[in-house]
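Enquirer: Pasting upload.cif here (mmCIF, C-alpha atoms):
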data_work
loop_
_atom_site.label_atom_id
_atom_site.label_comp_id
_atom_site.auth_asym_id
_atom_site.auth_seq_id
_atom_site.Cartn_x
_atom_site.Cartn_y
_atom_site.Cartn_z
CA MET G 1 123.86 120.69 26.18
CA ALA G 2 125.52 120.96 29.61
CA PRO G 3 123.87 119.13 32.54
CA SER G 4 123.10 122.46 34.28
CA ALA G 5 121.39 123.75 31.13
CA ARG G 6 119.33 120.54 30.90
CA THR G 7 118.31 120.92 34.54
CA GLN G 8 117.25 124.52 33.93
CA GLN G 9 115.26 123.41 30.89
CA LEU G 10 113.51 120.70 32.91
CA THR G 11 112.80 123.15 35.75
CA ALA G 12 111.08 125.45 33.24
CA ALA G 13 109.03 122.49 31.94
CA LEU G 14 107.99 121.56 35.50
CA ARG G 15 106.90 125.15 36.17
CA ALA G 16 104.80 125.06 33.02
CA THR G 17 103.25 121.76 34.20
CA ALA G 18 102.37 123.28 37.59
CA SER G 19 100.89 126.36 35.90
CA ARG G 20 98.75 124.25 33.55
CA ALA G 21 97.58 122.05 36.45
CA ALA G 22 96.56 125.13 38.48
CA SER G 23 94.71 126.54 35.45
CA THR G 24 92.89 123.22 34.86
CA SER G 25 91.54 123.18 38.43
CA SER G 26 91.15 126.97 38.79
CA GLY G 27 93.13 126.50 42.01
CA CYS G 28 96.76 125.85 42.88
CA ALA G 29 99.42 123.22 42.22
CA LEU G 30 102.65 122.03 43.88
CA LEU G 31 105.15 119.80 42.06
CA PHE G 32 107.70 117.75 44.05
CA ALA G 33 110.46 115.92 42.19
CA THR G 34 113.92 114.35 42.45
CA LEU G 35 116.45 115.71 39.94
CA PRO G 36 120.10 114.92 39.10
CA GLY G 37 122.43 116.04 41.88
CA ASP G 38 120.01 115.17 44.70
CA GLU G 39 121.27 112.77 47.33
CA ALA G 40 120.39 109.14 46.75
CA GLY G 41 117.22 108.19 48.60
CA ALA G 42 116.39 111.82 49.44
CA ALA G 43 112.71 112.83 49.51
CA PRO G 44 111.45 114.74 46.46
CA ARG G 45 111.82 118.51 46.80
CA LEU G 46 109.37 121.26 45.85
CA ARG G 47 110.36 122.22 42.29
CA ALA G 48 107.44 124.32 41.03
CA ALA G 49 104.24 125.96 42.26
CA ALA G 50 101.39 127.91 40.68
CA GLY G 51 98.29 129.69 41.96
CA PHE G 52 99.98 131.32 44.97
CA SER G 53 100.50 135.04 45.60
CA SER G 54 104.10 134.64 46.80
CA PRO G 55 106.94 132.02 47.04
CA GLU G 56 106.62 132.12 50.83
CA GLU G 57 102.93 131.14 50.61
CA ALA G 58 103.82 128.24 48.29
CA LYS G 59 106.59 127.00 50.62
CA SER G 60 104.28 127.17 53.63
CA ALA G 61 101.61 125.18 51.77
CA SER G 62 104.18 122.60 50.62
CA HIS G 63 105.07 121.71 54.24
CA ALA G 64 101.40 120.89 54.89
CA VAL G 65 101.17 118.37 52.03
CA ILE G 66 104.57 116.62 52.50
CA PRO G 67 103.00 113.56 54.28
CA ASP G 68 100.52 113.09 51.42
CA VAL G 69 103.34 113.43 48.87
CA GLY G 70 105.24 110.67 50.69
CA ASP G 71 102.17 108.40 50.64
CA ALA G 72 101.62 108.97 46.90
CA VAL G 73 105.30 108.31 46.10
CA SER G 74 105.54 105.14 48.23
CA SER G 75 102.24 103.68 47.02
CA ARG G 76 102.55 104.89 43.39
CA GLU G 77 98.80 105.49 43.49
CA PRO G 78 96.87 108.81 43.32
CA ARG G 79 95.60 110.06 46.69
CA VAL G 80 92.34 112.02 46.99
CA LEU G 81 92.67 114.53 49.82
CA GLY G 82 90.17 116.64 51.68
CA PRO G 83 90.36 120.45 52.00
CA ILE G 84 93.82 121.58 53.12
CA PRO G 85 93.65 124.80 55.25
CA ALA G 86 97.19 125.81 54.26
CA LEU G 87 96.06 126.12 50.62
CA GLY G 88 93.43 128.72 51.51
CA ALA G 89 90.35 129.39 49.40
CA ARG G 90 91.89 127.79 46.30
CA GLY G 91 92.02 124.43 48.09
CA ALA G 92 88.59 124.60 49.72
CA GLY G 93 87.18 121.93 47.40
CA GLY G 94 89.84 119.35 48.24
CA ALA G 95 93.01 118.18 46.54
CA THR G 96 94.60 115.20 44.82
CA ALA G 97 98.19 113.92 44.91
CA LEU G 98 99.38 112.25 41.70
CA PRO G 99 102.68 110.27 41.72
CA LEU G 100 105.15 110.94 38.90
CA VAL G 101 105.74 107.37 37.69
CA PHE G 102 107.40 106.16 34.50
CA GLU G 103 107.72 102.38 34.01
CA ASP G 104 108.87 101.16 37.46
CA ARG G 105 110.53 104.41 38.55
CA THR G 106 108.88 107.06 40.76
CA HIS G 107 110.28 110.60 40.69
CA GLY G 108 107.92 112.65 42.84
CA ALA G 109 104.31 113.81 42.97
CA LEU G 110 102.00 116.56 41.67
CA VAL G 111 99.54 117.98 44.24
CA VAL G 112 96.60 119.94 42.79
CA ALA G 113 93.79 121.66 44.70
CA GLY G 114 90.69 123.52 43.54
CA PRO G 115 88.04 125.76 45.12
CA ALA G 116 85.21 123.51 43.89
CA GLY G 117 86.77 120.04 43.94
CA ILE G 118 88.50 117.90 41.28
CA ASP G 119 86.00 116.19 38.99
CA GLU G 120 86.63 113.16 36.78
CA GLY G 121 87.44 115.21 33.68
CA MET G 122 90.00 117.31 35.57
CA GLN G 123 91.49 114.12 37.07
CA LEU G 124 92.15 112.69 33.59
CA ALA G 125 93.77 115.92 32.39
CA LEU G 126 95.94 116.14 35.54
CA ALA G 127 96.99 112.48 35.18
CA GLN G 128 98.16 113.31 31.64
CA LEU G 129 100.21 116.25 32.97
CA ALA G 130 101.75 114.09 35.72
CA GLY G 131 102.66 111.40 33.18
CA SER G 132 104.32 113.95 30.90
CA ALA G 133 106.33 115.40 33.82
CA ALA G 134 107.46 111.90 34.84
CA VAL G 135 108.75 111.20 31.32
CA HIS G 136 110.66 114.50 31.29
CA ILE G 137 112.33 113.78 34.64
CA ASP G 138 113.15 110.18 33.76
CA HIS G 139 114.60 111.37 30.46
CA LEU G 140 116.95 113.80 32.24
CA LEU G 141 118.05 111.20 34.81
CA LEU G 142 118.87 108.70 32.06
CA LEU G 143 120.83 111.39 30.22
CA ALA G 144 122.82 112.07 33.38
CA ASP G 145 123.55 108.33 33.81
CA SER G 146 124.53 108.09 30.17
CA GLU G 147 126.98 110.99 30.43
CA ASN G 148 128.50 109.55 33.61
CA LEU G 149 129.07 106.24 31.84
CA ARG G 150 130.66 108.00 28.85
CA GLU G 151 132.98 109.94 31.15
CA THR G 152 133.93 106.78 33.00
CA ALA G 153 134.59 104.95 29.73
CA THR G 154 136.75 107.80 28.42
CA ASN G 155 138.83 108.04 31.60
CA SER G 156 139.27 104.31 31.95
CA ARG G 157 139.81 102.57 28.61
CA SER G 158 140.21 99.23 30.31
CA ILE G 159 136.48 99.10 31.06
CA ALA G 160 135.27 100.82 27.84
CA ASP G 161 134.07 97.60 26.24
CA GLU G 162 132.18 96.62 29.39
CA LYS G 163 130.37 99.98 29.50
CA SER G 164 129.55 100.09 25.80
CA ASP G 165 126.69 97.61 26.20
CA GLU G 166 125.19 99.75 28.98
CA LEU G 167 125.57 102.85 26.82
CA LEU G 168 123.83 101.12 23.93
CA LYS G 169 120.98 100.05 26.18
CA LEU G 170 120.61 103.57 27.60
CA SER G 171 120.68 105.05 24.10
CA GLU G 172 117.83 102.75 23.08
CA GLU G 173 115.82 103.81 26.15
CA LEU G 174 116.49 107.47 25.42
CA PHE G 175 115.33 107.04 21.83
CA ALA G 176 112.16 105.30 23.02
CA GLN G 177 111.52 108.11 25.50
CA ASP G 178 112.05 110.75 22.79
CA ILE G 179 109.17 109.14 20.93
CA GLN G 180 107.14 108.99 24.17
CA LEU G 181 107.71 112.72 24.75
CA LEU G 182 106.60 113.57 21.22
CA ARG G 183 103.42 111.54 21.67
CA SER G 184 102.76 113.08 25.09
CA ASN G 185 103.14 116.63 23.77
CA GLU G 186 100.89 115.74 20.83
CA LYS G 187 98.18 114.47 23.21
CA LEU G 188 98.40 117.62 25.35
CA GLY G 189 98.07 119.74 22.22
CA LYS G 190 94.99 117.80 21.12
CA ILE G 191 93.39 118.20 24.58
CA GLU G 192 93.99 121.98 24.47
CA LYS G 193 92.54 122.19 20.94
CA LEU G 194 89.47 120.16 21.90
CA LYS G 195 88.84 122.43 24.88
CA ASN G 196 89.18 125.58 22.77
CA ASP G 197 86.95 124.17 20.02
CA PHE G 198 84.33 123.20 22.59
CA ILE G 199 84.27 126.71 24.11
CA GLU G 200 83.96 128.42 20.73
CA LYS G 201 81.34 126.07 19.28
CA MET G 202 79.20 125.94 22.43
CA SER G 203 79.24 129.73 22.76
CA LEU G 204 78.15 130.16 19.15
CA GLU G 205 75.61 127.31 19.22
CA LEU G 206 73.97 128.70 22.36
CA ARG G 207 73.99 132.33 21.26
CA THR G 208 72.13 131.72 17.99
CA PRO G 209 68.89 130.33 19.52
CA LEU G 210 69.21 132.65 22.52
CA ASN G 211 69.27 135.71 20.27
CA ALA G 212 66.09 134.48 18.54
CA ILE G 213 64.36 133.95 21.90
CA ILE G 214 65.32 137.45 23.13
CA GLU G 215 64.16 139.08 19.88
CA ALA G 216 60.81 137.22 20.09
CA ILE G 217 60.24 138.41 23.67
CA ILE G 218 61.09 142.01 22.74
CA SER G 219 58.67 141.77 19.80
CA VAL G 220 55.83 140.64 22.08
CA LEU G 221 56.55 143.30 24.72
CA ALA G 222 56.74 145.99 22.02
CA GLY G 223 53.01 145.57 21.42
CA GLU G 224 52.72 143.29 18.43
CA HIS G 225 50.58 140.96 20.54
CA ASP G 226 48.31 143.14 22.71
CA ALA G 227 46.07 140.31 23.88
CA ILE G 228 48.44 139.16 26.68
CA SER G 229 47.79 140.03 30.33
CA ASP G 230 49.91 142.25 32.58
CA ALA G 231 51.01 139.17 34.54
CA ALA G 232 52.19 137.52 31.33
CA LYS G 233 54.08 140.67 30.37
CA ALA G 234 55.79 140.70 33.78
CA SER G 235 56.85 137.08 33.27
CA LEU G 236 58.18 137.92 29.82
CA ARG G 237 60.20 140.84 31.21
CA THR G 238 61.73 138.47 33.78
CA ALA G 239 62.55 136.00 31.00
CA LEU G 240 64.08 138.84 28.97
CA ASP G 241 66.29 139.90 31.91
CA GLU G 242 67.45 136.32 32.49
CA GLY G 243 68.10 135.77 28.78
CA THR G 244 70.06 139.00 28.47
CA ALA G 245 72.18 138.10 31.52
CA PHE G 246 72.87 134.66 30.04
CA GLN G 247 73.76 136.27 26.71
CA ARG G 248 76.32 138.52 28.46
CA THR G 249 77.84 135.52 30.27
CA LEU G 250 78.28 133.69 26.95
CA GLN G 251 79.88 136.78 25.44
CA ASN G 252 82.25 137.06 28.43
CA ILE G 253 83.30 133.42 28.02
CA LEU G 254 83.90 133.92 24.30
CA ASP G 255 85.87 137.15 24.87
CA LEU G 256 88.08 135.46 27.50
CA TRP G 257 88.74 132.60 25.09
CA ARG G 258 89.60 135.02 22.25
CA ILE G 259 92.01 136.95 24.47
CA LYS G 260 93.83 133.75 25.45
CA GLN G 261 94.07 132.77 21.78
CA GLY G 262 95.30 136.23 20.79
CA GLU G 263 92.25 136.69 18.56
CA LEU G 264 90.76 139.85 20.12
CA PRO G 265 92.47 142.75 18.33
CA VAL G 266 92.80 146.30 19.68
CA GLU G 267 90.92 148.77 17.43
CA LEU G 268 91.84 152.40 18.10
CA GLN G 269 89.47 155.29 17.42
CA GLU G 270 88.57 158.72 18.76
CA VAL G 271 86.52 158.41 21.99
CA ASN G 272 84.54 160.88 24.08
CA PHE G 273 85.04 159.19 27.43
CA ALA G 274 82.43 161.34 29.23
CA GLU G 275 79.77 160.17 26.72
CA THR G 276 80.95 156.57 27.12
CA VAL G 277 80.38 156.85 30.89
CA GLU G 278 76.87 158.25 30.31
CA GLU G 279 76.02 155.36 27.96
CA THR G 280 77.26 152.84 30.52
CA ILE G 281 75.18 154.40 33.31
CA PHE G 282 72.09 154.26 31.04
CA SER G 283 72.68 150.52 30.39
CA VAL G 284 72.37 149.71 34.13
CA GLN G 285 69.84 152.44 35.00
CA GLU G 286 67.05 149.95 35.70
CA THR G 287 69.14 148.22 38.40
CA LEU G 288 70.17 151.58 39.89
CA ASP G 289 66.55 152.79 40.08
CA ALA G 290 65.30 149.52 41.61
CA LYS G 291 67.84 149.81 44.44
CA ASN G 292 67.69 153.58 44.93
CA ILE G 293 71.37 154.01 44.08
CA GLN G 294 72.66 157.43 43.06
CA VAL G 295 75.56 157.81 40.63
CA VAL G 296 77.98 160.67 41.26
CA LYS G 297 80.43 161.74 38.52
CA GLN G 298 83.67 163.45 39.42
CA PHE G 299 85.42 164.42 36.18
CA GLU G 300 88.32 166.70 35.47
CA GLU G 301 86.38 169.19 33.30
CA PRO G 302 86.45 169.24 30.43
CA LEU G 303 87.69 165.74 29.63
CA PRO G 304 89.48 165.89 26.26
CA LYS G 305 88.70 163.36 23.55
CA ILE G 306 91.13 160.45 23.51
CA VAL G 307 92.24 157.71 21.14
CA THR G 308 91.70 154.19 22.50
CA ASP G 309 89.59 151.07 21.88
CA LEU G 310 85.99 152.25 22.40
CA GLY G 311 84.47 148.76 22.61
CA LYS G 312 86.89 147.55 25.25
CA ALA G 313 86.73 150.77 27.28
CA ASN G 314 82.92 150.55 27.25
CA GLN G 315 83.04 146.87 28.26
CA ILE G 316 85.42 147.55 31.17
CA LEU G 317 83.20 150.37 32.45
CA PHE G 318 80.01 148.30 32.10
CA LEU G 319 81.46 145.28 33.94
CA LEU G 320 82.75 147.43 36.83
CA LEU G 321 79.55 149.49 37.11
CA GLU G 322 77.36 146.37 36.88
CA ASN G 323 79.45 144.73 39.61
CA ALA G 324 79.19 147.81 41.86
CA ALA G 325 75.39 147.99 41.38
CA LYS G 326 75.01 144.26 42.06
CA PHE G 327 76.73 144.41 45.45
CA THR G 328 75.26 147.73 46.61
CA GLU G 329 71.76 147.66 48.11
CA THR G 330 71.46 151.43 48.65
CA GLY G 331 73.75 154.42 48.65
CA THR G 332 76.03 155.86 45.97
CA ILE G 333 78.40 154.84 43.21
CA THR G 334 81.06 157.44 42.42
CA ILE G 335 82.76 157.46 39.01
CA SER G 336 85.96 159.52 38.86
CA ALA G 337 88.05 160.17 35.76
CA GLU G 338 91.03 162.29 34.76
CA ILE G 339 93.65 162.28 32.03
CA GLU G 340 97.24 162.92 33.03
CA LYS G 341 100.40 162.51 30.93
CA ASN G 342 98.66 160.51 28.18
CA THR G 343 97.11 158.15 30.75
CA LEU G 344 93.42 157.77 31.56
CA HIS G 345 92.83 157.20 35.28
CA CYS G 346 89.34 156.05 36.27
CA SER G 347 87.82 154.64 39.47
CA ILE G 348 84.41 153.25 40.44
CA ALA G 349 83.69 153.46 44.17
CA ASP G 350 80.58 151.97 45.76
CA THR G 351 79.07 151.84 49.25
CA GLY G 352 78.25 148.12 49.00
CA ILE G 353 79.08 145.03 51.03
CA GLY G 354 82.84 145.15 50.42
CA VAL G 355 85.38 142.32 50.17
CA CYS G 356 87.39 140.86 53.06
CA PRO G 357 91.23 141.00 52.78
CA ASP G 358 91.63 137.23 52.31
CA ASP G 359 89.38 137.27 49.23
CA GLN G 360 90.81 140.39 47.61
CA GLN G 361 93.84 138.54 46.21
CA LEU G 362 91.50 136.01 44.49
CA ILE G 363 88.77 138.37 43.31
CA PHE G 364 90.12 138.59 39.73
CA ASP G 365 90.40 134.78 39.31
CA GLU G 366 88.10 132.98 36.87
CA PHE G 367 84.79 131.77 38.40
CA PHE G 368 85.81 132.98 41.88
CA GLN G 369 82.97 133.98 44.19
CA VAL G 370 83.37 134.88 47.85
CA ASP G 371 81.16 132.08 49.21
CA GLU G 372 78.24 129.85 48.28
CA LEU G 373 75.68 132.10 49.98
CA SER G 374 76.85 135.07 47.95
CA SER G 375 76.80 133.10 44.70
CA HIS G 376 73.10 132.29 45.27
CA ARG G 377 72.13 135.79 46.37
CA TYR G 378 74.19 137.71 43.81
CA ARG G 379 73.76 136.11 40.40
CA GLY G 380 76.80 135.72 38.16
CA ALA G 381 79.45 133.33 36.87
CA GLY G 382 82.44 135.05 38.47
CA LEU G 383 83.93 136.12 35.12
CA GLY G 384 83.35 139.90 35.09
CA LEU G 385 86.45 141.03 36.99
CA THR G 386 88.57 138.37 35.24
CA LEU G 387 87.55 139.85 31.89
CA VAL G 388 88.25 143.38 33.18
CA ARG G 389 91.78 142.32 34.13
CA ASP G 390 92.46 140.62 30.78
CA LEU G 391 91.03 143.53 28.75
CA LEU G 392 93.25 145.97 30.65
CA VAL G 393 96.29 143.78 29.97
CA LEU G 394 95.32 143.84 26.29
CA LEU G 395 95.22 147.68 26.43
CA GLU G 396 98.56 147.71 28.34
CA GLY G 397 96.79 149.06 31.42
CA ASP G 398 96.38 147.88 35.01
CA CYS G 399 93.91 147.99 37.88
CA THR G 400 93.82 147.96 41.67
CA LEU G 401 91.14 147.10 44.21
CA GLN G 402 90.62 148.59 47.66
CA SER G 403 87.80 147.37 49.87
CA GLU G 404 86.57 147.14 53.44
CA PRO G 405 83.76 144.76 54.48
CA GLY G 406 80.54 146.66 55.06
CA ARG G 407 81.92 149.97 53.76
CA GLY G 408 82.30 149.46 50.03
CA THR G 409 84.80 148.79 47.27
CA THR G 410 86.85 150.98 44.93
CA VAL G 411 88.26 149.57 41.69
CA SER G 412 90.68 151.88 39.87
CA PHE G 413 92.20 151.35 36.44
CA SER G 414 94.63 153.19 34.18
CA ILE G 415 95.21 152.82 30.45
CA PRO G 416 97.63 154.67 28.15
CA VAL G 417 95.82 156.88 25.61
CA GLN G 418 96.52 159.54 23.03
CA ILE G 419 94.90 162.94 23.18
CA ALA G 420 92.76 163.36 20.07
#
Show me this structure written as structure tokens.
Expert:
Amino acid sequence: MAPSARTQQLTAALRATASRAASTSSGCALLFATLPGDEAGAAPRLRAAAGFSSPEEAKSASHAVIPDVGDAVSSREPRVLGPIPALGARGAGGATALPLVFEDRTHGALVVAGPAGIDEGMQLALAQLAGSAAVHIDHLLLLADSENLRETATNSRSIADEKSDELLKLSEELFAQDIQLLRSNEKLGKIEKLKNDFIEKMSLELRTPLNAIIEAIISVLAGEHDAISDAAKASLRTALDEGTAFQRTLQNILDLWRIKQGELPVELQEVNFAETVEETIFSVQETLDAKNIQVVKQFEEPLPKIVTDLGKANQILFLLLENAAKFTETGTITISAEIEKNTLHCSIADTGIGVCPDDQQLIFDEFFQVDELSSHRYRGAGLGLTLVRDLLVLLEGDCTLQSEPGRGTTVSFSIPVQIA
């Protein structure tokens, strides 16, 4: 493999490392490293970034953390950093700089920031990623040294014997590092499997008793036990609402996990989209009535029947309508739909609190909420819009968001369909 091809392969591996680090912290990551061809003694350069909306944003953020990268590289010790304004909302919880060290050689640093801080579990996972990146870089540098020695030995036979010992030593180190890389990749695979197993088992273990609790409450409220007071019934209704909300959150987590594992299949069937909208409105009617919110439907009449995944279409509509009702105290929610050129176009527009421009680019991220005050006032785990985005990707569709603080939000989505 040519040196340039090896460098490209390593660059791809470093990008994957940055992406995994950003995913682990639900924030952003910057990876600085020294590669073959860099000047001797030169400072590590930015090689990969993840969690940013554009390369320019990543470059601007990298300039802000250069001093901390230098400290981590020179000390060979992780540095815990406070919030870095240049990283925006994704770095509001602080950051950490991890040196890329293998044996006694330092090749750069990995800087990771998160919106809610880096806990001990994340720190261990990020240290594993930094260690794996360091082995990859060291491996490539040793390969470059080895090839230089071979070229020198070939061009100058008089020193071939002298270089052969160095080549043998480098070959032994490369073999040892090949084993190290295999072990590192095996550990990363085990960590990923443990995480996935934990999500699946916890979701199932929690849902089973929760379903029993919800069914027992419904049984009591249905009149099988008439001896309870009105106050007790009101408390039970509150418990039922909380339990149902928790049940939906668990289902959202499980659906997100299944999508990432490729285990949520698309099941096509004939769908009356107008009826699906009516069913979705009925499912949130109690919230709409409590807040005096009117729902306005603007359909291209008559909407023809279509072929798509009914369950996923219903779930997308419910999540968007529930979100609109949650953030609208009074006013209207307008649902528009039309079918054009085998594409379903739908939008949900509310007159709620809106989203500021800085937060709009993060609104579809997992667990993202605008601020702590909102997260206490408006209940939720911050997974609804993330699931909407992933379900639309699964259906080969897309969505857009337009919003103005104090004047409302419009979320529009399109999915390809067949006319039944």
Enquirer: What is the atom CA of Phe327 of chain G-atom CA of Leu383 of chain G distance in Å, reported with one decimal?
Expert: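 Separating atom CA of Phe327 of chain G from atom CA of Leu383 of chain G is a distance of 15.1 Å.
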Enquirer: Rank nothing, just name the residue among G:Leu395, G:Ile137, G:Val296, G:Leu319 nearest to Ala349 of chain G, using only C-alpha atoms.
Expert: G:Val296
Enquirer: Between atom CA of Gln360 of chain G and atom CA of Leu401 of chain G, what distance in Å does the model show, to one decimal?
Expert: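 Taking atom CA of Gln360 of chain G as the start and atom CA of Leu401 of chain G as the end point, the length is 7.5 Å.
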Enquirer: Expanded to explicit residues, what is the PyMOL selection byres ((chain G and resi 291-294) around 10) for this file, as a list in words?
Expert: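 Those residues are Gln285, Glu286, Thr287, Leu288, Asp289, Ala290, Val295, Val296, Lys297, Ala325, Lys326, Thr328, Glu329, Thr330, Gly331, Thr332, Ile333, Thr334, Asp350 and Thr351 of chain G.
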Enquirer: Need the shell around Pro416 of chain G: protein/DNA/RNA residues with any atom at most 10 Å away, counting all atoms listed in the file. Skip same-chain ones fewer than 2 positions apart. Format as a PyMOL selection string?
Expert: chain G and resi 306-308+339-345+395-398+414+418
Enquirer: Name every residue that the PyMOL selection byres ((chain G and resi 50-62) around 8) selects in this structure, writing the answer as a PyMOL selection string with chains first and numbers rising.
Expert: chain G and resi 15+18-19+22+27-30+46+48-49+63-66+86-87+90+361
Enquirer: Between G:Thr409, G:Ile259, G:Gly117, G:Gly352, single out the one closest to Leu392 of chain G, counting all atoms listed in the file.
Expert: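 Using all atoms listed in the file, the shortest distance to Leu392 of chain G belongs to G:Ile259.
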Enquirer: Run through the PyMOL selection byres ((chain G and resi 184) around 12) on the given coordinates and return the selected residues as a PyMOL selection string.
Expert: chain G and resi 125+127-136+177-183+185-191
Enquirer: Which residue gives the smallest distance to Thr11 of chain G among G:Ala245, G:Leu140, G:Leu81, G:Val411, with all atoms listed in the file counted?
Expert: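 Among the listed residues, G:Leu140 lies closest to Thr11 of chain G.
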Enquirer: May I ask which of the residues G:Ala420, G:Asp241, G:Ile217, G:Glu275 is the closest one to Lys305 of chain G, counting all atoms listed in the file?
Expert: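 Looking at the shortest contact to Lys305 of chain G, the residue is G:Ala420.
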Enquirer: Excluding Cys356 of chain G and any residue of its chain fewer than 3 positions from it, enumerate the residues within 10 Å of it, using all atoms listed in the file, and give them as a count of residues only.
Expert: 10
Enquirer: Of the candidates G:Leu362, G:Glu267, G:Leu385, G:Asp255, which shows the shortest atom-to-atom distance to Ala324 of chain G, using only C-alpha atoms?
Expert: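 For Ala324 of chain G, the nearest of the given residues is G:Leu385.
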Enquirer: Give the answer as one residue: which of G:Glu300, G:Asp71, G:Asp390, G:Glu39 has the shortest atom-to-atom distance to Gly262 of chain G, using only C-alpha atoms?
Expert: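 Using only C-alpha atoms, the shortest distance to Gly262 of chain G belongs to G:Asp390.
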Enquirer: Enclose all atoms of segment 18-28 of chain G listed in the file in an axis-aligned box, grow every side by 5 Å, and hand back centre and edge lengths in Å to one decimal, as JSON.
Expert:
{"center_x": 96.8, "center_y": 124.5, "center_z": 38.2, "size_x": 21.2, "size_y": 14.9, "size_z": 19.3}
Enquirer: Kindly give the distance, in Å, that separates atom CA of Thr17 of chain G and atom CA of His139 of chain G, rounded to a single decimal.
Expert: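 Computed distance, atom CA of Thr17 of chain G to atom CA of His139 of chain G, equals 15.8 Å.
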Enquirer: Can you tell me, as a count of residues only, what residues are no more than 9 Å from Leu310 of chain G when counting all atoms listed in the file, ignoring any on the same chain fewer than 2 positions away?
Expert: 14
